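Chemist: Once you've had a glance at the structure underneath, I'll fire off some questions.
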Amino acid sequence: MVVLCYMIRMYIASVPNRNSPPAILLRESFRDQGKVKTRTLANLTSWAPTRIEALRQVLRGDFDQLPPGEPILGPIFGLLFVLKQIADQLGLTAAIGHSRLGKLALFLILARVAHQGSRLSASRWAQDHAVSEVVGLASFDEDDLYAALDDLCARQEKIERALYHQYQRRSGKQPPRLFLYDVTSSYLEGERNELGAFGYNRDGKKGKLQIVIGLLTDAAGEPLAVRVFEGNRSDPTTVAEQIKIVKEQFQVEELVFVGDRGMVKSKGKQALEQAKLRYITALTDPQIRGLLKRGILQLELFSEQLCEVEDHSVRYVLRKNETEAARERHRLEDKLAKLEEKIAARNEETKKKQRCQPEAGKRKLEAWAAQHKLQGLLTVKLEGRMLILERQKEAMATSLELAGCYVVTTDVLPQSMSTQEVHDSYVSLQKVERDFRAMKTGLLEVRPLFVRKESRTRGHVFCCMLALKLSREMERRLREQFGTTDSNPHAITLRDALTSLGSLCLLHYKVDEKTTVTKLPQPRANQRKILTALGVTLPATV
């Protein structure tokens with residue numbers, strides 16, 4: 001008895017056809033008594049390429065696990081997954097921990113990058129995202145997120161220290177010698193925040209309580225630590241706290257502390273000297289005029305080229321920015337022109353209206369001049385019923401003699417740091433200012449603060465700093481792949497990437513009443529480019 005064994009497999013073959021397009025054939029291969037044979041079932045050459053590719057996928061079994069029926073749109077998966085993967089690569093996840101509170105804190109950081117708002121808003125936002133699949137959190141509410149803020153505050157120093165050491169290992173660098181530090185303020189909407197107080201408000205929001213935030217970074221602007229102070233704390237009094245972080249928390253013995261003008265004053269310098277640390281800062285305008293009066297500095301030394309003067313082991317690096325000087329002169333002339341227009345308009349009104357009081361107009365214009373810092377540079381006089389503007393030329397010349405001039409000062413020894421290095425180190429403070437802009441008004445938005453307790457205020461700001469580290473890394477990867485937006489108008493920004501990934505959802509297929517199959521669709525071409533740039537690969541299964 002002869003046994004015939006058939007093992008059949010269908011496939012699509014492309015057969016060359018000399019000078020004509022290749023023939024597309026549906027074939028099957030089978031084994032007959034140990035021999036492999038092939039036969040053609042149909043000629044598909046006339047089919048559209050998309051239809052042929054669909055049949056090829058069916059024959060390959062790409063849809064074998066796909067249940068029949070219409071899919072149900074599931075939660076957004078791509079956005080949180082990508083953020084979580086980068087957080088893992090940066091060591092954020094490991095530093096925060098894998099407890100429930102740690103997972104809640106991680107969710108707050110990821111949500112801060114992708115979504116701004118209160119804890120209640122974040123808990124609602126989570127309902128549309130695959131939090132369970134990505135972070136491993138089944139359910140939570142705003143009270144759980146408030147508890148996570150308390151936990152972040154309690155473990156802040158430990159987390160900062162762990163991230164600092166991970167950053168050192170990942171970058172392969174020696175401990176930084178240069179630390180940048182700057183402070184800002186953030187106003188509060190409510191009146192019951194435990195750290196809220198009235199102080200020097202940088203946001204121009206008069207009558208609002210505020211908090212003071214100090215950010216410490218390395219020379220490249222990488223955030224290392226953040227601290228929150230009462231709203232009435234002055235800048236110099238926050239320096240000692242940063243020295244403690246660097247000396248005790250990061251175990252750095254030799255460093256140069258770079259702070260903005262007015263911050264490293266007498267108290268700050270004393271604290272640095274006691275800790276045997278060096279500083280780089282800039283002088284305020286009154287400090288520069290004091291040195292000019294004492295003869296230590298001369299106006300002739302200010303130019304586009306750097307000039308250095310040393311006095312009693314303190315180095316002064318002088319420079320004049322001609323572009324900024326021209327800008328300041330233009331601003332002054334613009335203010336004076338506006339004041340002259342107001343005076344002319346007031347005089348015209350006085351001519352037409354006999355009951356118009358010139359003295360009241362004079363007081364009003366003097367108040368405007370004081371508001372725009374023109375006091376001492378001009379005089380508003382009253383001749384009869386007419387107002388006359390009289391410029392004080394000598395005072396104006398004196399006020400403009402330092403236009404565009406600045407002085408960077410340091411006690412770093414010349415053999416340790418050159419004049420150019422001292423100057424560039426202070427200029428690098430712009431990186432901290434950029435970080436502050438990102439935290440306050442950019443993608444992350446520290447404010448408005450929807451918390452009252454001290455621990456939750458500190459935890460919220462710390463959460464924003466960790467989100468800043470994550471967003472900076474994503475921006476760096478996108479920039480390396482697509483270039484900067486100035487040189488490439490078609491570059492993909494971080495906001496573009498977040499928006500695109502926010503449309504990558506899970507699909508649920510219902511097999512029966514008890515069984516549901518979850519699938520992740522293939523990303524679009526633009527999403528694939530973003531994933532490649534960020535170095536993230538989507539999982540095969542969810």
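By convention here, the chains of the structure tokens are called A, B, ... in the order presented, each chain's residues are numbered starting at 1, and ligands are numbered starting at 1 in the order presented.
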Fewer than 3 positions away in the same chain doesn't count, so skip those; otherwise give me all residues within 6 Å of Val264 of chain A, counting only C-alpha atoms, as a list in words.
Modeler: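 Everything that qualifies: Pro236, Gly268 and Lys269 of chain A.
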Chemist: Could you give me, as a PDB file with N, CA, C and O atoms, in the first residue's frame, the residues within 9 Å of Leu101 of chain A, counting only C-alpha atoms and dropping anything in the same chain fewer than 5 positions from it?
Modeler:
```pdb
ATOM      1  N   ILE A  96      13.721  56.365  42.459  1.00  0.00           N
ATOM      2  CA  ILE A  96      12.464  56.623  43.157  1.00  0.00           C
ATOM      3  C   ILE A  96      11.960  55.377  43.875  1.00  0.00           C
ATOM      4  O   ILE A  96      11.351  55.457  44.937  1.00  0.00           O
ATOM      5  N   LEU A 106       6.484  58.309  40.301  1.00  0.00           N
ATOM      6  CA  LEU A 106       6.916  58.208  38.905  1.00  0.00           C
ATOM      7  C   LEU A 106       5.804  58.671  37.966  1.00  0.00           C
ATOM      8  O   LEU A 106       6.063  59.393  36.991  1.00  0.00           O
ATOM      9  N   ASP A 144      -4.053  59.807  46.969  1.00  0.00           N
ATOM     10  CA  ASP A 144      -2.856  58.968  46.802  1.00  0.00           C
ATOM     11  C   ASP A 144      -1.701  59.787  46.233  1.00  0.00           C
ATOM     12  O   ASP A 144      -0.536  59.607  46.621  1.00  0.00           O
ATOM     13  N   LEU A 145      -2.005  60.684  45.290  1.00  0.00           N
ATOM     14  CA  LEU A 145      -0.961  61.502  44.677  1.00  0.00           C
ATOM     15  C   LEU A 145      -0.414  62.525  45.664  1.00  0.00           C
ATOM     16  O   LEU A 145       0.785  62.842  45.642  1.00  0.00           O
ATOM     17  N   ALA A 147      -0.157  61.954  48.846  1.00  0.00           N
ATOM     18  CA  ALA A 147       0.728  61.139  49.687  1.00  0.00           C
ATOM     19  C   ALA A 147       2.069  60.908  48.995  1.00  0.00           C
ATOM     20  O   ALA A 147       3.120  60.859  49.648  1.00  0.00           O
ATOM     21  N   ALA A 148       2.033  60.769  47.663  1.00  0.00           N
ATOM     22  CA  ALA A 148       3.278  60.592  46.916  1.00  0.00           C
ATOM     23  C   ALA A 148       4.146  61.842  46.987  1.00  0.00           C
ATOM     24  O   ALA A 148       5.384  61.749  47.050  1.00  0.00           O
ATOM     25  N   LEU A 149       3.528  63.034  46.986  1.00  0.00           N
ATOM     26  CA  LEU A 149       4.296  64.275  47.147  1.00  0.00           C
ATOM     27  C   LEU A 149       4.968  64.328  48.514  1.00  0.00           C
ATOM     28  O   LEU A 149       6.135  64.730  48.632  1.00  0.00           O
ATOM     29  N   ASP A 151       5.901  61.803  50.243  1.00  0.00           N
ATOM     30  CA  ASP A 151       6.977  60.816  50.210  1.00  0.00           C
ATOM     31  C   ASP A 151       8.174  61.346  49.423  1.00  0.00           C
ATOM     32  O   ASP A 151       9.324  61.126  49.810  1.00  0.00           O
ATOM     33  N   LEU A 152       7.915  62.040  48.322  1.00  0.00           N
ATOM     34  CA  LEU A 152       9.007  62.635  47.544  1.00  0.00           C
ATOM     35  C   LEU A 152       9.792  63.634  48.380  1.00  0.00           C
ATOM     36  O   LEU A 152      11.025  63.664  48.335  1.00  0.00           O
TER      37      LEU A 152
END
```
Chemist: Just want the 8 Å neighbourhood of Ala403 of chain A, counted on only C-alpha atoms, with same-chain residues fewer than 5 positions away dropped. Output as a PyMOL selection string.
Modeler: chain A and resi 320+324-326+328-329
Chemist: Between A:Arg170, A:Lys431, A:Lys453, A:Lys510, single out the one closest to Ala219 of chain A, counting only C-alpha atoms.
Modeler: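 Closest to Ala219 of chain A of all the choices is A:Lys431.
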Chemist: With distances taken over only C-alpha atoms, which residue among A:Arg31, A:Arg60, A:Lys293, A:Arg472 lies nearest Val113 of chain A?
Modeler: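 Residue with the minimum atom-to-atom distance to Val113 of chain A: A:Arg472.
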Chemist: Near segment 243-247 of chain A, counting only C-alpha atoms, which residues have an atom at most 9 Å away, once you skip same-chain residues fewer than 6 positions from it, shown as a list of chain:residue names?
Modeler: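 Here the answer would be A:Glu157, A:Phe179, A:Ala225, A:Glu253, A:Glu254, A:Leu255, A:Phe257, A:Ala271, A:Leu272, A:Ala275, A:Leu277.
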Chemist: With N, CA and C atoms kept, could you save the residues just selected as a PDB file, in the first residue's frame?
Modeler:
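Result saved to out38.pdb:
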```
ATOM      1  N   GLU A 157      16.562  64.096  49.443  1.00  0.00           N
ATOM      2  CA  GLU A 157      18.027  64.059  49.459  1.00  0.00           C
ATOM      3  C   GLU A 157      18.553  62.706  49.005  1.00  0.00           C
ATOM      4  N   PHE A 179      29.828  74.390  39.715  1.00  0.00           N
ATOM      5  CA  PHE A 179      28.407  74.249  40.015  1.00  0.00           C
ATOM      6  C   PHE A 179      27.726  75.590  39.772  1.00  0.00           C
ATOM      7  N   ALA A 225      19.962  69.458  42.055  1.00  0.00           N
ATOM      8  CA  ALA A 225      19.196  69.581  43.294  1.00  0.00           C
ATOM      9  C   ALA A 225      18.356  70.849  43.226  1.00  0.00           C
ATOM     10  N   GLU A 253      34.622  67.988  47.470  1.00  0.00           N
ATOM     11  CA  GLU A 253      35.489  68.773  48.338  1.00  0.00           C
ATOM     12  C   GLU A 253      35.961  70.062  47.676  1.00  0.00           C
ATOM     13  N   GLU A 254      36.260  70.008  46.374  1.00  0.00           N
ATOM     14  CA  GLU A 254      36.795  71.176  45.672  1.00  0.00           C
ATOM     15  C   GLU A 254      35.828  71.584  44.580  1.00  0.00           C
ATOM     16  N   LEU A 255      35.353  72.812  44.658  1.00  0.00           N
ATOM     17  CA  LEU A 255      34.410  73.262  43.639  1.00  0.00           C
ATOM     18  C   LEU A 255      34.462  74.772  43.519  1.00  0.00           C
ATOM     19  N   PHE A 257      31.752  77.829  42.909  1.00  0.00           N
ATOM     20  CA  PHE A 257      30.327  78.135  43.003  1.00  0.00           C
ATOM     21  C   PHE A 257      30.041  79.349  42.136  1.00  0.00           C
ATOM     22  N   ALA A 271      30.219  82.391  53.870  1.00  0.00           N
ATOM     23  CA  ALA A 271      29.877  80.971  53.919  1.00  0.00           C
ATOM     24  C   ALA A 271      30.786  80.159  53.011  1.00  0.00           C
ATOM     25  N   LEU A 272      31.115  80.699  51.841  1.00  0.00           N
ATOM     26  CA  LEU A 272      32.004  79.995  50.917  1.00  0.00           C
ATOM     27  C   LEU A 272      33.420  79.919  51.468  1.00  0.00           C
ATOM     28  N   ALA A 275      33.692  77.292  54.084  1.00  0.00           N
ATOM     29  CA  ALA A 275      33.684  75.946  53.504  1.00  0.00           C
ATOM     30  C   ALA A 275      34.901  75.706  52.615  1.00  0.00           C
ATOM     31  N   LEU A 277      35.645  77.095  49.719  1.00  0.00           N
ATOM     32  CA  LEU A 277      35.210  76.961  48.340  1.00  0.00           C
ATOM     33  C   LEU A 277      35.434  78.283  47.607  1.00  0.00           C
TER      34      LEU A 277
END
```
Chemist: Determine, counting only C-alpha atoms, which protein, DNA and RNA residues have an atom within 12 Å of an atom of Gln168 of chain A; residues of the same chain fewer than 3 positions away are not included. Present the result as an MDAnalysis selection string.
Modeler: chainID A and resid 90:91 161:165 171:176 218 222 224 250
Chemist: Please report, as a PyMOL selection string, each residue of segment 217-360 of chain A to which DSSP assigns alpha helix (DSSP H) when run on this structure's backbone.
Modeler: chain A and resi 239-244+266-274+285-294+322-352+358-360
Chemist: From the options A:Cys307, A:Leu478, A:Ile76, A:Ala370, which residue's atoms come nearest to Gln420 of chain A, counting only C-alpha atoms?
Modeler: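 Among the listed residues, A:Cys307 lies closest to Gln420 of chain A.
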Chemist: Fewer than 3 positions away in the same chain doesn't count, so skip those; otherwise give me all residues within 8 Å of segment 182-193 of chain A, counting only C-alpha atoms, as a PyMOL selection string.
Modeler: chain A and resi 196+201-203+205+208-216+231+235+259-260+429+432-433+436+440+446-449+451-454
Chemist: Those same residues - N, CA, C and O atoms - I'd like them written as a tab-separated table (two decimals), in the first residue's frame.
Modeler:
```
chain	number	residue	atom	x	y	z
A	196	GLY	N	4.37	80.29	51.80
A	196	GLY	CA	4.05	81.53	51.10
A	196	GLY	C	4.34	82.76	51.95
A	196	GLY	O	4.06	82.80	53.15
A	201	ASN	N	9.22	90.08	44.11
A	201	ASN	CA	8.48	89.25	43.16
A	201	ASN	C	9.03	89.45	41.76
A	201	ASN	O	8.94	90.54	41.18
A	202	ARG	N	9.63	88.41	41.19
A	202	ARG	CA	10.21	88.47	39.85
A	202	ARG	C	9.16	88.30	38.75
A	202	ARG	O	9.45	88.50	37.58
A	203	ASP	N	7.95	87.90	39.12
A	203	ASP	CA	6.90	87.66	38.13
A	203	ASP	C	6.03	88.89	37.89
A	203	ASP	O	5.15	88.85	37.03
A	205	LYS	N	3.80	90.08	39.87
A	205	LYS	CA	2.46	89.86	40.41
A	205	LYS	C	2.38	90.49	41.80
A	205	LYS	O	2.66	89.85	42.81
A	208	LYS	N	0.56	89.22	45.69
A	208	LYS	CA	0.44	87.77	45.77
A	208	LYS	C	1.58	87.18	46.61
A	208	LYS	O	2.73	87.62	46.51
A	209	LEU	N	1.24	86.20	47.42
A	209	LEU	CA	2.27	85.46	48.14
A	209	LEU	C	3.13	84.68	47.16
A	209	LEU	O	2.71	84.39	46.03
A	210	GLN	N	4.33	84.32	47.58
A	210	GLN	CA	5.24	83.60	46.69
A	210	GLN	C	6.12	82.65	47.48
A	210	GLN	O	6.17	82.69	48.71
A	211	ILE	N	6.79	81.79	46.75
A	211	ILE	CA	7.87	80.96	47.29
A	211	ILE	C	9.13	81.27	46.50
A	211	ILE	O	9.07	81.79	45.38
A	212	VAL	N	10.28	80.98	47.10
A	212	VAL	CA	11.57	81.17	46.44
A	212	VAL	C	12.15	79.78	46.13
A	212	VAL	O	12.13	78.89	46.99
A	213	ILE	N	12.64	79.60	44.91
A	213	ILE	CA	13.16	78.31	44.46
A	213	ILE	C	14.62	78.48	44.07
A	213	ILE	O	14.97	79.40	43.31
A	214	GLY	N	15.49	77.62	44.60
A	214	GLY	CA	16.91	77.63	44.25
A	214	GLY	C	17.26	76.36	43.50
A	214	GLY	O	16.96	75.26	43.97
A	215	LEU	N	17.89	76.50	42.33
A	215	LEU	CA	18.23	75.36	41.48
A	215	LEU	C	19.74	75.25	41.34
A	215	LEU	O	20.41	76.22	40.98
A	216	LEU	N	20.27	74.06	41.60
A	216	LEU	CA	21.70	73.79	41.51
A	216	LEU	C	21.93	72.84	40.34
A	216	LEU	O	21.27	71.80	40.22
A	231	GLY	N	8.87	82.71	50.91
A	231	GLY	CA	8.82	83.73	49.87
A	231	GLY	C	9.55	85.01	50.19
A	231	GLY	O	9.82	85.81	49.29
A	235	ASP	N	18.16	86.31	48.28
A	235	ASP	CA	19.00	85.40	47.51
A	235	ASP	C	20.27	84.96	48.24
A	235	ASP	O	20.59	83.76	48.27
A	259	GLY	N	27.33	82.02	40.96
A	259	GLY	CA	26.05	82.61	41.32
A	259	GLY	C	25.83	83.94	40.64
A	259	GLY	O	26.79	84.62	40.24
A	260	ASP	N	24.58	84.33	40.48
A	260	ASP	CA	24.23	85.56	39.79
A	260	ASP	C	24.63	86.78	40.61
A	260	ASP	O	24.87	86.69	41.81
A	429	LEU	N	25.55	80.62	33.30
A	429	LEU	CA	24.38	80.71	34.17
A	429	LEU	C	23.08	80.83	33.36
A	429	LEU	O	22.00	80.58	33.87
A	432	VAL	N	20.91	77.83	33.58
A	432	VAL	CA	20.01	77.71	34.72
A	432	VAL	C	18.76	78.55	34.48
A	432	VAL	O	17.65	78.13	34.80
A	433	GLU	N	18.95	79.75	33.92
A	433	GLU	CA	17.80	80.60	33.62
A	433	GLU	C	16.87	79.91	32.62
A	433	GLU	O	15.65	80.03	32.72
A	436	PHE	N	14.87	77.43	34.47
A	436	PHE	CA	13.81	78.08	35.22
A	436	PHE	C	12.64	78.43	34.32
A	436	PHE	O	11.48	78.27	34.70
A	440	LYS	N	8.89	77.19	34.94
A	440	LYS	CA	7.88	78.16	35.37
A	440	LYS	C	6.82	78.44	34.31
A	440	LYS	O	5.63	78.51	34.61
A	446	VAL	N	5.61	74.94	36.93
A	446	VAL	CA	5.52	74.80	38.38
A	446	VAL	C	4.22	75.40	38.89
A	446	VAL	O	3.53	74.84	39.74
A	447	ARG	N	3.88	76.55	38.36
A	447	ARG	CA	2.67	77.21	38.80
A	447	ARG	C	1.52	76.94	37.83
A	447	ARG	O	1.78	76.61	36.66
A	448	PRO	N	0.29	77.08	38.28
A	448	PRO	CA	-0.10	77.42	39.64
A	448	PRO	C	0.04	76.23	40.59
A	448	PRO	O	-0.12	75.09	40.18
A	449	LEU	N	0.37	76.53	41.83
A	449	LEU	CA	0.55	75.49	42.85
A	449	LEU	C	-0.78	75.24	43.55
A	449	LEU	O	-1.34	76.15	44.15
A	451	VAL	N	-1.32	73.32	46.18
A	451	VAL	CA	-1.02	72.65	47.45
A	451	VAL	C	-0.85	73.71	48.53
A	451	VAL	O	-0.58	74.88	48.25
A	452	ARG	N	-0.98	73.28	49.78
A	452	ARG	CA	-0.85	74.18	50.92
A	452	ARG	C	0.28	73.78	51.84
A	452	ARG	O	1.03	74.61	52.33
A	453	LYS	N	0.40	72.47	52.11
A	453	LYS	CA	1.39	72.00	53.09
A	453	LYS	C	2.81	72.21	52.58
A	453	LYS	O	3.08	72.13	51.39
A	454	GLU	N	3.72	72.43	53.54
A	454	GLU	CA	5.13	72.63	53.20
A	454	GLU	C	5.70	71.42	52.48
A	454	GLU	O	6.40	71.55	51.46
```
Chemist: Atom CA of Gly535 of chain A and atom CA of Met474 of chain A are how many Å apart?
Modeler: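 Result for atom CA of Gly535 of chain A versus atom CA of Met474 of chain A: 9.7 Å, one decimal.
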Chemist: Given only C-alpha atoms as the basis, pick out the residue of A:Gln481, A:Gly221, A:Val536, A:Gly117 nearest to Asp88 of chain A.
Modeler: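 Nearest to Asp88 of chain A: A:Val536.
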Chemist: Just list the residues in segment 290-427 of chain A DSSP gives strand (DSSP E) on the backbone, as JSON, numbers by chain.
Modeler: {"A": [307, 308, 309, 310, 311, 314, 315, 316, 317, 318, 319, 320, 378, 379, 380, 381, 382, 383, 386, 387, 388, 389, 390, 391, 405, 406, 407, 408, 409, 410]}
Chemist: As an exercise, work out the distance from atom CA of Leu59 of chain A to atom CA of Leu25 of chain A in Å and give it to one decimal place.
Modeler: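 Atom CA of Leu25 of chain A lies 13.1 Å from atom CA of Leu59 of chain A.
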Chemist: Restricting the calculation to only C-alpha atoms: of A:Lys103, A:Lys529, A:Arg458, A:Lys267, which residue gets closest to Arg477 of chain A?
Modeler: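 Under the stated criterion, the closest residue is A:Lys529.
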Chemist: Check the smallest atom-to-atom distance from each of A:Arg112, A:Arg27, A:Arg437, A:Lys362 to Ser14 of chain A using only C-alpha atoms, then report the winner.
Modeler: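 Ranked by minimum distance to Ser14 of chain A, first place goes to A:Arg27.
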